[in-house]
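Structure file start13.cif with mmCIF, C-alpha atoms:
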data_query
#
loop_
_atom_site.label_atom_id
_atom_site.label_comp_id
_atom_site.auth_asym_id
_atom_site.auth_seq_id
_atom_site.Cartn_x
_atom_site.Cartn_y
_atom_site.Cartn_z
CA MET A 65 116.86 130.41 51.83
CA ALA A 66 114.68 128.69 54.38
CA ASP A 67 111.92 126.58 52.89
CA SER A 68 109.10 124.91 54.84
CA LYS A 69 105.90 123.05 54.15
CA LEU A 70 102.58 124.87 54.42
CA THR A 71 101.45 122.94 57.48
CA THR A 72 103.42 122.46 60.67
CA ARG A 73 103.18 120.06 63.57
CA ILE A 74 103.58 120.88 67.22
CA VAL A 75 106.45 119.04 68.93
CA SER A 76 107.85 118.85 72.45
CA TYR A 77 111.14 116.98 72.01
CA VAL A 78 114.27 117.72 69.98
CA ILE A 79 116.74 115.20 68.54
CA LEU A 80 119.99 116.53 67.12
CA ASP A 81 122.58 115.00 64.85
CA LEU A 82 126.19 115.85 65.71
CA ASP A 83 128.69 115.82 62.84
CA GLY A 84 127.83 118.44 60.24
CA THR A 85 124.81 119.65 62.22
CA LEU A 86 126.32 120.87 65.48
CA LEU A 87 130.02 120.38 64.81
CA ASN A 88 132.02 121.39 61.75
CA THR A 89 133.76 118.04 61.33
CA ASP A 90 133.94 118.07 57.52
CA GLY A 91 137.16 120.09 57.43
CA ILE A 92 138.81 117.82 59.99
CA VAL A 93 137.79 114.69 58.09
CA ASN A 94 139.17 116.08 54.83
CA GLU A 95 142.44 117.14 56.42
CA VAL A 96 143.02 113.83 58.22
CA LEU A 97 142.22 111.78 55.11
CA LYS A 98 144.46 114.02 53.02
CA VAL A 99 147.43 113.44 55.34
CA PHE A 100 146.70 109.75 55.81
CA LEU A 101 146.35 108.97 52.12
CA LEU A 102 149.53 110.89 51.34
CA GLN A 103 151.44 108.41 53.50
CA TYR A 104 150.43 105.76 50.97
CA GLY A 105 151.22 107.91 47.96
CA LYS A 106 147.56 108.65 47.30
CA LYS A 107 145.76 111.98 46.94
CA TRP A 108 142.46 112.64 48.70
CA ASP A 109 139.81 114.12 46.41
CA SER A 110 137.83 116.51 48.64
CA LYS A 111 135.26 116.96 45.87
CA LYS A 112 134.09 113.41 46.58
CA ALA A 113 133.73 114.01 50.31
CA HIS A 114 129.95 114.28 49.95
CA ARG A 115 129.84 110.56 49.15
CA ILE A 116 130.60 109.64 52.77
CA LEU A 117 128.33 112.29 54.27
CA GLY A 118 125.92 110.73 56.75
CA MET A 119 127.45 107.26 56.53
CA THR A 120 128.39 105.16 59.52
CA PRO A 121 132.16 105.13 60.15
CA LEU A 122 132.37 101.54 58.89
CA GLU A 123 130.50 102.39 55.68
CA ALA A 124 132.66 105.46 55.07
CA VAL A 125 135.91 103.57 55.60
CA SER A 126 134.74 100.72 53.37
CA LEU A 127 134.08 103.19 50.56
CA VAL A 128 137.45 104.92 50.95
CA VAL A 129 139.35 101.62 51.04
CA LYS A 130 137.57 100.50 47.89
CA ASP A 131 137.84 103.79 45.97
CA TYR A 132 141.54 104.25 46.70
CA GLU A 133 142.44 100.56 46.46
CA PHE A 134 144.13 100.45 49.85
CA PRO A 135 146.47 97.52 50.47
CA CYS A 136 144.92 96.81 53.86
CA THR A 137 141.73 95.56 55.47
CA ILE A 138 138.99 97.87 56.69
CA GLU A 139 139.89 96.99 60.28
CA GLU A 140 143.56 97.88 59.71
CA PHE A 141 142.56 101.18 58.10
CA ILE A 142 140.35 102.11 61.07
CA SER A 143 143.05 101.13 63.56
CA ALA A 144 145.64 103.29 61.79
CA ILE A 145 143.55 106.42 61.19
CA THR A 146 141.56 106.58 64.45
CA PRO A 147 144.42 108.11 66.52
CA MET A 148 144.70 110.89 63.95
CA PHE A 149 141.04 111.76 64.39
CA LEU A 150 141.30 111.60 68.19
CA ASP A 151 144.08 114.19 68.11
CA GLN A 152 141.86 116.59 66.16
CA TRP A 153 138.71 116.49 68.30
CA CYS A 154 139.87 119.48 70.33
CA ASN A 155 140.03 121.52 67.11
CA ILE A 156 136.47 120.85 65.93
CA LYS A 157 134.46 124.08 65.99
CA ALA A 158 130.77 124.41 66.74
CA LEU A 159 128.71 125.37 63.71
CA LEU A 160 126.84 128.67 63.56
CA GLY A 161 124.09 128.80 66.15
CA ALA A 162 124.82 125.38 67.68
CA THR A 163 125.70 126.55 71.18
CA ARG A 164 122.91 129.12 71.07
CA LEU A 165 120.38 126.41 70.18
CA ILE A 166 121.54 123.97 72.84
CA LYS A 167 121.62 126.62 75.54
CA HIS A 168 118.19 127.93 74.55
CA MET A 169 116.52 124.52 74.66
CA ARG A 170 118.22 123.67 77.95
CA ASN A 171 117.14 126.97 79.54
CA HIS A 172 113.55 126.28 78.49
CA GLU A 173 113.72 122.67 79.70
CA VAL A 174 113.03 121.18 76.28
CA PRO A 175 114.12 117.51 76.37
CA MET A 176 116.95 116.90 73.90
CA ALA A 177 118.67 113.81 72.55
CA LEU A 178 121.89 113.53 70.58
CA ALA A 179 121.75 110.78 67.95
CA SER A 180 124.75 110.17 65.70
CA ASN A 181 126.07 107.35 63.54
CA SER A 182 129.40 107.75 65.34
CA PRO A 183 130.24 105.41 68.24
CA LYS A 184 128.98 106.74 71.56
CA SER A 185 132.50 107.07 72.97
CA ASN A 186 133.45 109.29 70.02
CA ILE A 187 130.37 111.44 70.50
CA LYS A 188 131.19 112.04 74.16
CA GLY A 189 134.80 112.77 73.29
CA LYS A 190 133.90 115.38 70.70
CA ILE A 191 131.34 117.25 72.80
CA SER A 192 133.60 117.24 75.86
CA PHE A 193 135.42 120.22 74.32
CA HIS A 194 132.21 122.28 74.25
CA GLN A 195 131.17 123.60 77.62
CA GLY A 196 127.66 122.77 78.72
CA TRP A 197 126.83 120.44 75.85
CA LYS A 198 127.03 117.02 77.50
CA GLU A 199 124.79 117.86 80.44
CA SER A 200 122.21 119.44 78.12
CA PHE A 201 121.18 116.10 76.60
CA SER A 202 118.98 113.67 78.49
CA VAL A 203 119.87 111.00 75.93
CA ILE A 204 123.06 110.41 73.93
CA ILE A 205 122.96 107.48 71.53
CA GLY A 206 125.61 106.29 69.09
CA GLY A 207 125.55 104.16 66.00
CA ASP A 208 127.19 101.31 67.90
CA GLU A 209 124.08 101.00 70.10
CA VAL A 210 121.70 100.08 67.28
CA ALA A 211 121.66 97.30 64.71
CA MET A 212 121.58 99.69 61.74
CA GLY A 213 122.67 103.30 61.41
CA LYS A 214 121.02 106.04 59.38
CA PRO A 215 119.21 105.99 56.95
CA SER A 216 117.54 103.33 59.09
CA PRO A 217 115.14 105.07 61.50
CA GLU A 218 116.24 102.81 64.36
CA ILE A 219 118.54 105.31 66.08
CA PHE A 220 115.86 108.02 66.14
CA VAL A 221 113.15 105.63 67.29
CA GLU A 222 115.43 104.46 70.09
CA ALA A 223 116.24 108.05 71.07
CA ALA A 224 112.53 108.85 71.34
CA LYS A 225 111.95 105.69 73.36
CA ARG A 226 114.66 106.65 75.85
CA MET A 227 113.06 110.08 76.26
CA ASN A 228 109.63 108.47 76.73
CA ALA A 229 108.45 110.42 73.70
CA ASP A 230 106.20 109.52 70.82
CA PRO A 231 108.17 109.81 67.55
CA SER A 232 105.49 112.08 66.10
CA ASN A 233 106.19 114.53 68.93
CA CYS A 234 109.89 114.85 68.05
CA LEU A 235 111.77 117.39 65.93
CA VAL A 236 114.97 116.20 64.23
CA LEU A 237 117.73 118.51 62.99
CA GLU A 238 119.96 116.89 60.37
CA ASP A 239 122.56 117.90 57.79
CA SER A 240 122.70 114.72 55.68
CA LEU A 241 120.27 112.98 53.36
CA PRO A 242 120.56 109.64 55.22
CA GLY A 243 119.72 111.49 58.44
CA VAL A 244 116.72 113.22 56.88
CA MET A 245 115.49 109.91 55.50
CA ALA A 246 115.89 108.27 58.91
CA GLY A 247 113.94 110.99 60.68
CA LYS A 248 111.08 110.99 58.20
CA THR A 249 110.83 107.19 58.21
CA ALA A 250 110.64 107.36 62.01
CA GLY A 251 107.58 109.61 61.64
CA MET A 252 109.26 112.70 63.03
CA VAL A 253 109.34 116.34 61.97
CA VAL A 254 112.67 116.90 60.20
CA ILE A 255 114.48 120.17 59.55
CA ALA A 256 117.43 119.87 57.17
CA VAL A 257 120.50 122.07 57.54
CA PRO A 258 122.48 120.91 54.49
CA SER A 259 126.21 120.81 55.15
CA ILE A 260 126.96 120.95 51.42
CA PRO A 261 126.30 124.43 49.97
CA LYS A 262 123.63 124.80 47.28
CA GLN A 263 122.26 121.30 47.88
CA GLY A 264 119.03 122.33 49.58
CA GLY A 265 116.96 121.13 46.63
CA LEU A 266 117.93 117.53 47.37
CA TYR A 267 116.22 117.66 50.76
CA SER A 268 112.64 117.94 49.52
CA SER A 269 111.43 115.24 51.91
CA ALA A 270 112.33 117.40 54.92
CA ASP A 271 109.61 119.47 56.56
CA GLU A 272 111.85 122.52 56.36
CA VAL A 273 115.24 123.37 54.86
CA ILE A 274 117.32 126.15 56.42
CA ASN A 275 120.75 127.57 55.66
CA SER A 276 122.09 127.42 59.21
CA LEU A 277 120.91 126.91 62.77
CA LEU A 278 120.68 130.69 63.04
CA ASP A 279 117.72 130.50 60.64
CA LEU A 280 115.76 128.16 62.91
CA HIS A 281 112.44 129.47 64.25
CA PRO A 282 111.47 126.96 66.95
CA GLU A 283 108.14 128.69 67.59
CA LYS A 284 106.93 127.42 64.20
CA TRP A 285 106.93 123.95 65.72
CA GLY A 286 105.47 124.82 69.11
CA LEU A 287 108.83 125.25 70.85
CA PRO A 288 109.92 128.37 72.79
CA PRO A 289 111.11 131.18 70.49
CA PHE A 290 114.62 132.52 70.79
CA ASP A 291 114.68 135.46 73.15
CA ASP A 292 117.85 137.14 71.88
CA SER A 293 116.40 139.22 69.03
CA ASN A 294 117.45 142.39 70.85
CA LEU A 295 120.77 141.45 72.36
CA SER A 296 122.98 143.89 74.18
CA ALA A 297 126.47 144.33 72.80
CA GLU A 298 127.83 142.19 75.64
CA ASN A 299 125.45 139.29 75.01
CA PHE A 300 125.78 139.53 71.24
CA SER A 301 129.51 138.92 71.51
CA ALA A 302 128.73 135.38 72.68
CA ILE A 303 126.79 134.74 69.47
CA LEU A 304 129.53 136.25 67.33
CA SER A 305 132.11 134.00 68.96
CA GLU A 306 130.40 131.00 67.32
CA HIS A 307 130.83 132.38 63.82
CA ASN A 308 133.62 131.22 61.58
CA SER A 309 136.13 133.93 60.79
CA GLY A 310 136.16 134.90 57.15
CA VAL A 311 134.59 137.18 54.57
CA TYR A 312 130.96 138.23 54.97
CA PHE A 313 128.63 140.53 53.04
CA GLY A 314 125.70 142.68 54.03
CA ARG A 315 124.16 146.13 53.99
CA ALA A 316 125.36 149.43 55.42
CA GLY A 317 123.20 152.40 56.36
CA LEU A 318 124.71 155.90 56.36
CA SER A 319 122.79 158.50 58.34
CA THR A 320 122.44 161.06 55.54
CA ARG A 321 123.08 159.10 52.36
CA GLY A 322 121.13 155.85 52.25
CA ILE A 323 121.71 152.10 52.32
CA TYR A 324 124.45 150.38 50.35
CA LYS A 325 125.82 146.93 49.66
CA MET A 326 129.04 146.00 51.45
CA GLU A 327 131.73 143.28 51.46
CA PRO A 328 133.48 144.16 53.68
CA TRP A 329 133.83 147.67 52.27
CA LEU A 330 130.96 149.77 50.89
CA LEU A 331 130.25 148.69 47.31
CA HIS A 332 129.60 152.21 46.11
CA ASP A 333 131.70 155.07 44.73
CA PHE A 334 131.21 158.27 46.75
CA ASP A 335 132.09 161.74 45.46
CA GLU A 336 133.12 162.96 48.91
CA ASN A 337 134.03 161.55 52.31
CA PHE A 338 131.50 161.00 55.07
CA TYR A 339 133.59 161.30 58.22
CA GLY A 340 131.49 161.75 61.34
CA GLU A 341 128.33 160.15 59.95
CA GLU A 342 126.64 157.31 61.80
CA LEU A 343 127.21 153.95 60.08
CA ARG A 344 125.10 150.87 60.78
CA LEU A 345 125.99 147.44 59.44
CA ALA A 346 123.90 144.30 58.91
CA MET A 347 126.01 141.26 58.02
CA VAL A 348 123.65 138.83 56.30
CA GLY A 349 125.75 136.29 54.41
CA TYR A 350 129.01 134.34 54.42
CA ILE A 351 131.31 134.08 51.41
CA ARG A 352 134.37 132.10 52.46
CA PRO A 353 136.79 131.39 55.31
CA GLU A 354 140.03 133.26 55.79
CA ALA A 355 142.79 132.25 53.38
CA ASN A 356 146.49 132.69 52.76
CA PHE A 357 147.59 133.90 49.33
CA LEU A 358 150.82 133.12 47.54
CA SER A 359 151.03 136.55 45.95
CA PHE A 360 149.64 140.05 46.22
CA GLU A 361 148.08 139.63 42.78
CA SER A 362 146.15 136.52 43.85
CA LEU A 363 144.88 138.41 46.91
CA ILE A 364 143.63 141.29 44.76
CA ALA A 365 141.98 138.87 42.34
CA ARG A 366 140.15 137.15 45.19
CA ILE A 367 139.02 140.48 46.66
CA HIS A 368 137.40 141.38 43.34
CA GLU A 369 135.82 137.93 43.13
CA ASP A 370 134.41 138.38 46.64
CA ARG A 371 132.91 141.67 45.51
CA ARG A 372 131.23 140.06 42.50
CA ILE A 373 129.78 137.34 44.71
CA ALA A 374 128.45 139.88 47.22
CA GLU A 375 126.96 142.09 44.51
CA LYS A 376 125.00 139.20 43.01
CA ALA A 377 124.02 137.61 46.32
CA LEU A 378 122.55 140.81 47.74
CA ASP A 379 120.14 140.97 44.79
CA LEU A 380 118.79 137.48 45.48
CA PRO A 381 115.33 137.17 47.09
CA THR A 382 116.93 135.75 50.22
CA TYR A 383 118.86 138.96 50.91
CA VAL A 384 117.24 141.79 48.97
CA GLY A 385 114.75 142.48 51.76
CA TYR A 386 117.51 143.68 54.07
CA LYS A 387 117.66 146.85 51.99
CA GLU A 388 114.49 147.92 53.81
CA SER A 389 115.70 146.91 57.27
CA PRO A 390 114.29 149.27 59.94
CA PHE A 391 117.62 149.01 61.75
CA LEU A 392 119.46 150.44 58.76
CA ARG A 393 116.70 152.89 57.88
CA THR A 394 116.88 154.41 61.35
CA SER A 395 120.35 155.71 60.60
CA CYS A 396 119.15 157.30 57.37
CA ASN A 397 116.30 159.39 58.81
#

How would this structure read if it were set down as structure tokens?
Amino acid sequence: MADSKLTTRIVSYVILDLDGTLLNTDGIVNEVLKVFLLQYGKKWDSKKAHRILGMTPLEAVSLVVKDYEFPCTIEEFISAITPMFLDQWCNIKALLGATRLIKHMRNHEVPMALASNSPKSNIKGKISFHQGWKESFSVIIGGDEVAMGKPSPEIFVEAAKRMNADPSNCLVLEDSLPGVMAGKTAGMVVIAVPSIPKQGGLYSSADEVINSLLDLHPEKWGLPPFDDSNLSAENFSAILSEHNSGVYFGRAGLSTRGIYKMEPWLLHDFDENFYGEELRLAMVGYIRPEANFLSFESLIARIHEDRRIAEKALDLPTYVGYKESPFLRTSCN
């Protein structure tokens, strides 16, 4: 659920982090490390992945080498694993709302900078696979261009300087705690989009915490509001194309019966069929990505687990209001 402070500041510039904020790199990092460590007879513990979140590449590698007692230097580790990451850049997906946000700010001529702890060459390589991204940023700055990476504010201060902007007039979007700390220390407005689920409470220093970029309301900070609240089916398909495939939950409105929970079937037992009735759907939450199952039984078990998750989630304050959605109610009049 989005959470913001009572007072807001008006800004004119936007500074975006890349990995974990615009690009879903976490899965790629986990997969590459898993394969790489296996070559040395070691097993990557994905549950500890949060420890390297927001670190500079050198800091992250240093931690991995130490934790897994690698028989090589940090430089040798980087040299060996870098080609594996390069091969995966083309597979990194944009996170929900990332392309929409970039395109919106560009169309409204809002100056944007991209500031990441990654080396600048890596940043350019990653975004080259996403049409229209590179030319949307007036400034692109990497961790190799400053003395200290995040949580030092240096990279954000430098980004503002290159845009001829006062730091207090900048809005930062970040997924990591080091990034949030860097933005706040720089004197900027910071919106956190935590890349680790259920960790929003750790980002109390941010001016606002949102679940995804789709929850961003730029008008709260003096920026142009999104103008796609009433998209045509053709335009909406572009937004849908950004979403990860998987299992979602939401509400369904039947023209003569009412509004019901759904995931992805209607979570209600009906006494008779309702063929021919108008059905409206509002998908409001994400449960998990697609998965392969080793047996039919494990598939059925996961389907029932998905249902339990959806049932509970739709009763949470974040989602319960959708039961009164005018869009769904229209079909029930």

Return as a CSV table (one decimal) with C-alpha atoms, keeping the file's coordinate frame the set of residues that the PyMOL selection byres ((chain A and resi 236) around 8) yields on the displayed structure.
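Contents of out04.csv, as written:
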chain,number,residue,atom,x,y,z
A,78,VAL,CA,114.3,117.7,70.0
A,79,ILE,CA,116.7,115.2,68.5
A,80,LEU,CA,120.0,116.5,67.1
A,81,ASP,CA,122.6,115.0,64.8
A,234,CYS,CA,109.9,114.8,68.0
A,235,LEU,CA,111.8,117.4,65.9
A,237,LEU,CA,117.7,118.5,63.0
A,238,GLU,CA,120.0,116.9,60.4
A,247,GLY,CA,113.9,111.0,60.7
A,252,MET,CA,109.3,112.7,63.0
A,253,VAL,CA,109.3,116.3,62.0
A,254,VAL,CA,112.7,116.9,60.2
A,255,ILE,CA,114.5,120.2,59.6

Please provide the set of residues having any atom within 10 Å of Gly243 in chain A, restricted to only C-alpha atoms, with same-chain residues fewer than 4 positions apart removed, written as number ranges by chain. A: 81, 117-119, 179-181, 213-217, 219-220, 236-239, 247-249, 254, 256

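Going from CA of Gly161 in chain A over to CA of Leu122 in chain A, you cover 29.4 Å.
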
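Pairwise distance (CA of Ile260 in chain A, CA of Phe313 in chain A) equals 19.7 Å.
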
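Taking CA of Ile373 in chain A and CA of Gly84 in chain A as the two end points, the separation is 24.5 Å.
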
Got a sec: who's within 8 Å of Glu209 in chain A, counting all atoms listed in the file, leaving out chain neighbours fewer than 2 positions off, as a list in words? Pro183, Lys184, Ile205, Gly206, Gly207 and Ala211 of chain A

I want to know what sits within 12 Å of Phe290 in chain A, based on only C-alpha atoms, with residues of the same chain fewer than 2 positions away left out; could you give that as a ChimeraX atom specification? /A:161,164-172,277-284,287-288,292-295

Go through the shown structure with the PyMOL selection byres ((chain A and resi 88) around 10) and write out the matching residues as a list of chain:residue names. A:Leu82, A:Asp83, A:Gly84, A:Thr85, A:Leu86, A:Leu87, A:Thr89, A:Asp90, A:Gly91, A:Ile92, A:Val93, A:Asn155, A:Ile156, A:Lys157, A:Ala158, A:Leu159, A:Leu160, A:Ser259, A:Asn308

What's the 7 Å shell around range 374-378 of chain A, counting all atoms listed in the file, without same-chain residues fewer than 3 positions away, as a ChimeraX atom specification? /A:313,327,370-371,383-384

Assuming the chain letters and numbering stay as they are in my file, what does the PyMOL selection byres ((chain A and resi 194) around 10) actually select? List them as a compact mmCIF listing (two decimals) with C-alpha atoms, in the frame of the given file.
# COMPACT_ATOMS: atom_id res chain seq x y z
CA LEU A 87 130.02 120.38 64.81
CA CYS A 154 139.87 119.48 70.33
CA ILE A 156 136.47 120.85 65.93
CA LYS A 157 134.46 124.08 65.99
CA ALA A 158 130.77 124.41 66.74
CA THR A 163 125.70 126.55 71.18
CA GLY A 189 134.80 112.77 73.29
CA LYS A 190 133.90 115.38 70.70
CA ILE A 191 131.34 117.25 72.80
CA SER A 192 133.60 117.24 75.86
CA PHE A 193 135.42 120.22 74.32
CA GLN A 195 131.17 123.60 77.62
CA GLY A 196 127.66 122.77 78.72
CA TRP A 197 126.83 120.44 75.85
CA LYS A 198 127.03 117.02 77.50

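Of the residues under consideration (A:Val244, A:Ile74, A:Met347, A:Leu150), A:Leu150 shows the shortest atom-to-atom contact distance to Val96 in chain A when counting all atoms listed in the file.
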
Tell me which of A:Lys98, A:Tyr132, A:Ser110, A:Ile274 sits closest to Ile145 in chain A, counting all atoms listed in the file. A:Lys98

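When only C-alpha atoms are used to measure the gap to Ser232 in chain A, the shortest distance among A:Ile142, A:Ala250, A:Val203, A:Met326 belongs to A:Ala250.
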
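Among the candidate residues A:Arg226, A:Met245, A:Tyr312, A:Ile351, the one lying nearest to Ser269 in chain A is A:Met245, with distances computed using all atoms listed in the file.
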